[in-house]
Structure formats: structure tokens, C-alpha cells
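A.B. asks: Here you go, one structure.
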Amino acid sequence: MRRELIKALDFPISLLLETIEQRDCPHDSLFETTSAQCQQCDLNRECHWLSCLNEFSDFESKATYTINASVRYGIDVVGTLCGDLNHDDTICGCGACTWLREARRLTSAFDARFASNRYRRLF
């Protein structure tokens, strides 16, 4: 499951990088905390998320629940983009909607697997 979660991050990362690249980002898709342009950009949260992922790109050293939380944020990002395009992600066959369904299944499986231990923090 851990490997699947790590692999699931590829899609939202590539989608956001492509979206940011189309905007001709002056910071080469790297969030700059002190940049007024980054602060005013409507993708600043998403770009900041990408920067955080870059900081811990060695996923092997990260806890599985941290990776799961990153996938959940990716679900929110992709879901918002699909919603903006008026996609019905429950039936649409595009890559983004298909990824959403699979990522939701994966995070639900993670929850089911670890929900049996009520003392384990999921997030």
C-alpha cells in the first residue's frame, strides 16, 4: 500500500507542474515565501505543497500516514480542477477523474487498514 500511495502522488504533481508551467512562473515552479508574486498567485497553496513534497522527496524516510495525507491533498487539488472543468468524477473517463476514483479508493483502503487500531494517529 505504501508504494501505491507514493506512486499516486505522481499524477497531481505532474498536473500541477504543467498548470504552473503554462502560467510562465518566474520562479520555475518553486514557491518563494518572500515573493509578492507567489503570495498573490491563485496557485500559491498548491505550489507551496509541491515545494513541501520536494523537500521530502525521499519518501522512504516518511511515515505512511504523511504520504497518505499528501495524497489526500492531491485529491483535493485534482478534484477542484475537475470541478472547475465541470467533470463528473464519478463517471468521467478522463485521466484526472480516473485518478481521483483510484486515489479515493486507495486512501479509503488506508483508513480501513489502520482504523482498527484506535490508538494510532492517522493524520
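Chain labels run A, B, ... following the order of the C-alpha cells; each chain numbers its residues from 1, and ligands are numbered from 1 in the order shown.
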May I have a table of the residues of range 37-120 of chain A lying at most 8 Å from range 2-25 of chain A, giving each one's closest pair of atoms and their distance in Å to one decimal, counting only C-alpha atoms, ordered by chain and ascending residue number, as a tab-separated table?
C.D. replies:
```
residue	atom	partner	partner_atom	distance
A:Leu43	CA	A:Ile20	CA	7.8
A:Glu46	CA	A:Leu16	CA	7.4
A:Cys47	CA	A:Leu16	CA	7.7
A:Leu50	CA	A:Ile13	CA	6.9
A:Phe59	CA	A:Ile6	CA	7.2
A:Thr64	CA	A:Arg2	CA	6.1
A:Ile67	CA	A:Leu5	CA	6.6
A:Asn68	CA	A:Leu5	CA	6.3
A:Ser70	CA	A:Leu9	CA	7.5
A:Val71	CA	A:Leu9	CA	5.9
A:Gly74	CA	A:Pro12	CA	5.5
A:Ile75	CA	A:Pro12	CA	7.8
A:Val77	CA	A:Pro12	CA	7.3
A:Val78	CA	A:Pro12	CA	6.4
A:Trp99	CA	A:Phe11	CA	7.5
A:Ala103	CA	A:Ala8	CA	6.6
A:Leu106	CA	A:Leu5	CA	7.3
```
A.B. asks: Next, dump the selected residues to file, keeping only all heavy atoms, as a compact mmCIF listing (two decimals), in the first residue's frame.
C.D. replies:
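Listed below is the output, result_37.txt:
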```txt
# COMPACT_ATOMS: atom_id res chain seq x y z
N LEU A 43 -2.47 29.97 -7.30
CA LEU A 43 -1.96 28.62 -7.09
C LEU A 43 -0.92 28.56 -5.96
O LEU A 43 -0.17 27.60 -5.86
CB LEU A 43 -1.32 28.08 -8.38
CG LEU A 43 -2.27 27.70 -9.50
CD1 LEU A 43 -1.48 27.30 -10.75
CD2 LEU A 43 -3.20 26.57 -9.09
N GLU A 46 -1.09 25.37 -3.75
CA GLU A 46 -0.69 24.19 -4.50
C GLU A 46 0.81 24.18 -4.76
O GLU A 46 1.48 23.16 -4.64
CB GLU A 46 -1.47 24.10 -5.81
CG GLU A 46 -2.95 23.83 -5.63
CD GLU A 46 -3.80 25.08 -5.33
OE1 GLU A 46 -3.22 26.17 -5.16
OE2 GLU A 46 -5.03 24.95 -5.28
N CYS A 47 1.33 25.33 -5.12
CA CYS A 47 2.77 25.46 -5.38
C CYS A 47 3.57 25.22 -4.10
O CYS A 47 4.61 24.58 -4.11
CB CYS A 47 3.05 26.84 -5.98
SG CYS A 47 4.69 27.01 -6.68
N LEU A 50 3.75 21.59 -3.54
CA LEU A 50 4.80 20.99 -4.38
C LEU A 50 6.18 21.21 -3.77
O LEU A 50 7.01 20.31 -3.77
CB LEU A 50 4.77 21.59 -5.79
CG LEU A 50 3.63 21.16 -6.68
CD1 LEU A 50 3.66 21.96 -7.99
CD2 LEU A 50 3.69 19.67 -6.98
N PHE A 59 10.70 9.66 -0.03
CA PHE A 59 9.51 9.17 0.66
C PHE A 59 9.79 7.96 1.53
O PHE A 59 9.00 7.64 2.41
CB PHE A 59 8.41 8.85 -0.35
CG PHE A 59 7.85 10.06 -1.03
CD1 PHE A 59 8.15 10.33 -2.34
CD2 PHE A 59 7.04 10.94 -0.34
CE1 PHE A 59 7.64 11.45 -2.97
CE2 PHE A 59 6.52 12.06 -0.94
CZ PHE A 59 6.82 12.32 -2.26
N THR A 64 3.99 6.50 6.58
CA THR A 64 2.94 6.22 5.60
C THR A 64 1.76 7.17 5.77
O THR A 64 1.17 7.61 4.79
CB THR A 64 2.48 4.75 5.71
OG1 THR A 64 3.62 3.91 5.59
CG2 THR A 64 1.49 4.40 4.62
N ILE A 67 2.45 10.34 3.89
CA ILE A 67 2.27 10.16 2.44
C ILE A 67 0.78 10.12 2.11
O ILE A 67 0.34 10.74 1.14
CB ILE A 67 3.00 8.89 1.97
CG1 ILE A 67 4.50 9.02 2.23
CG2 ILE A 67 2.74 8.63 0.48
CD1 ILE A 67 5.27 7.72 2.14
N ASN A 68 0.00 9.44 2.95
CA ASN A 68 -1.44 9.38 2.75
C ASN A 68 -2.05 10.79 2.81
O ASN A 68 -2.90 11.14 1.99
CB ASN A 68 -2.08 8.47 3.80
CG ASN A 68 -3.56 8.32 3.62
OD1 ASN A 68 -4.04 7.90 2.57
ND2 ASN A 68 -4.32 8.68 4.64
N SER A 70 -0.59 13.53 2.03
CA SER A 70 -0.19 14.21 0.80
C SER A 70 -1.08 13.78 -0.37
O SER A 70 -1.46 14.62 -1.20
CB SER A 70 1.27 13.92 0.47
OG SER A 70 2.10 14.47 1.46
N VAL A 71 -1.41 12.51 -0.43
CA VAL A 71 -2.32 12.02 -1.47
C VAL A 71 -3.69 12.67 -1.29
O VAL A 71 -4.32 13.08 -2.27
CB VAL A 71 -2.42 10.48 -1.47
CG1 VAL A 71 -3.51 10.00 -2.43
CG2 VAL A 71 -1.08 9.85 -1.83
N GLY A 74 -3.60 15.98 -2.71
CA GLY A 74 -3.63 15.82 -4.16
C GLY A 74 -5.04 15.57 -4.67
O GLY A 74 -5.44 16.08 -5.72
N ILE A 75 -5.82 14.79 -3.92
CA ILE A 75 -7.21 14.54 -4.28
C ILE A 75 -7.99 15.86 -4.29
O ILE A 75 -8.78 16.11 -5.21
CB ILE A 75 -7.85 13.50 -3.32
CG1 ILE A 75 -7.27 12.11 -3.57
CG2 ILE A 75 -9.38 13.50 -3.45
CD1 ILE A 75 -7.66 11.07 -2.53
N VAL A 77 -6.79 18.88 -4.75
CA VAL A 77 -6.31 19.70 -5.87
C VAL A 77 -6.92 19.22 -7.19
O VAL A 77 -7.48 20.01 -7.96
CB VAL A 77 -4.76 19.67 -5.94
CG1 VAL A 77 -4.26 20.27 -7.24
CG2 VAL A 77 -4.16 20.40 -4.75
N VAL A 78 -6.80 17.93 -7.46
CA VAL A 78 -7.31 17.39 -8.73
C VAL A 78 -8.83 17.51 -8.77
O VAL A 78 -9.41 17.85 -9.81
CB VAL A 78 -6.84 15.93 -8.94
CG1 VAL A 78 -7.47 15.33 -10.19
CG2 VAL A 78 -5.31 15.88 -9.03
N TRP A 99 -8.00 8.99 -12.05
CA TRP A 99 -7.04 9.06 -10.95
C TRP A 99 -7.76 9.35 -9.64
O TRP A 99 -7.44 8.74 -8.61
CB TRP A 99 -5.96 10.13 -11.21
CG TRP A 99 -5.00 10.20 -10.07
CD1 TRP A 99 -3.88 9.44 -9.89
CD2 TRP A 99 -5.09 11.04 -8.91
NE1 TRP A 99 -3.28 9.77 -8.69
CE2 TRP A 99 -4.00 10.74 -8.08
CE3 TRP A 99 -6.00 12.02 -8.51
CZ2 TRP A 99 -3.79 11.39 -6.86
CZ3 TRP A 99 -5.80 12.66 -7.29
CH2 TRP A 99 -4.70 12.34 -6.48
N ALA A 103 -7.44 7.09 -6.39
CA ALA A 103 -6.81 7.68 -5.21
C ALA A 103 -7.76 7.64 -4.01
O ALA A 103 -7.34 7.37 -2.88
CB ALA A 103 -6.36 9.10 -5.50
N LEU A 106 -7.78 4.16 -2.72
CA LEU A 106 -6.53 3.89 -2.02
C LEU A 106 -6.54 4.50 -0.62
O LEU A 106 -6.17 3.83 0.35
CB LEU A 106 -5.37 4.44 -2.85
CG LEU A 106 -3.96 4.14 -2.39
CD1 LEU A 106 -3.72 2.63 -2.35
CD2 LEU A 106 -2.97 4.79 -3.35
```
A.B. asks: Give me the residues near Asp88 in chain A as a PyMOL selection string, where near means some atom within 10 Å (using only C-alpha atoms) and where sequence neighbours in that chain fewer than 6 positions away do not count.
C.D. replies: chain A and resi 79+82+97
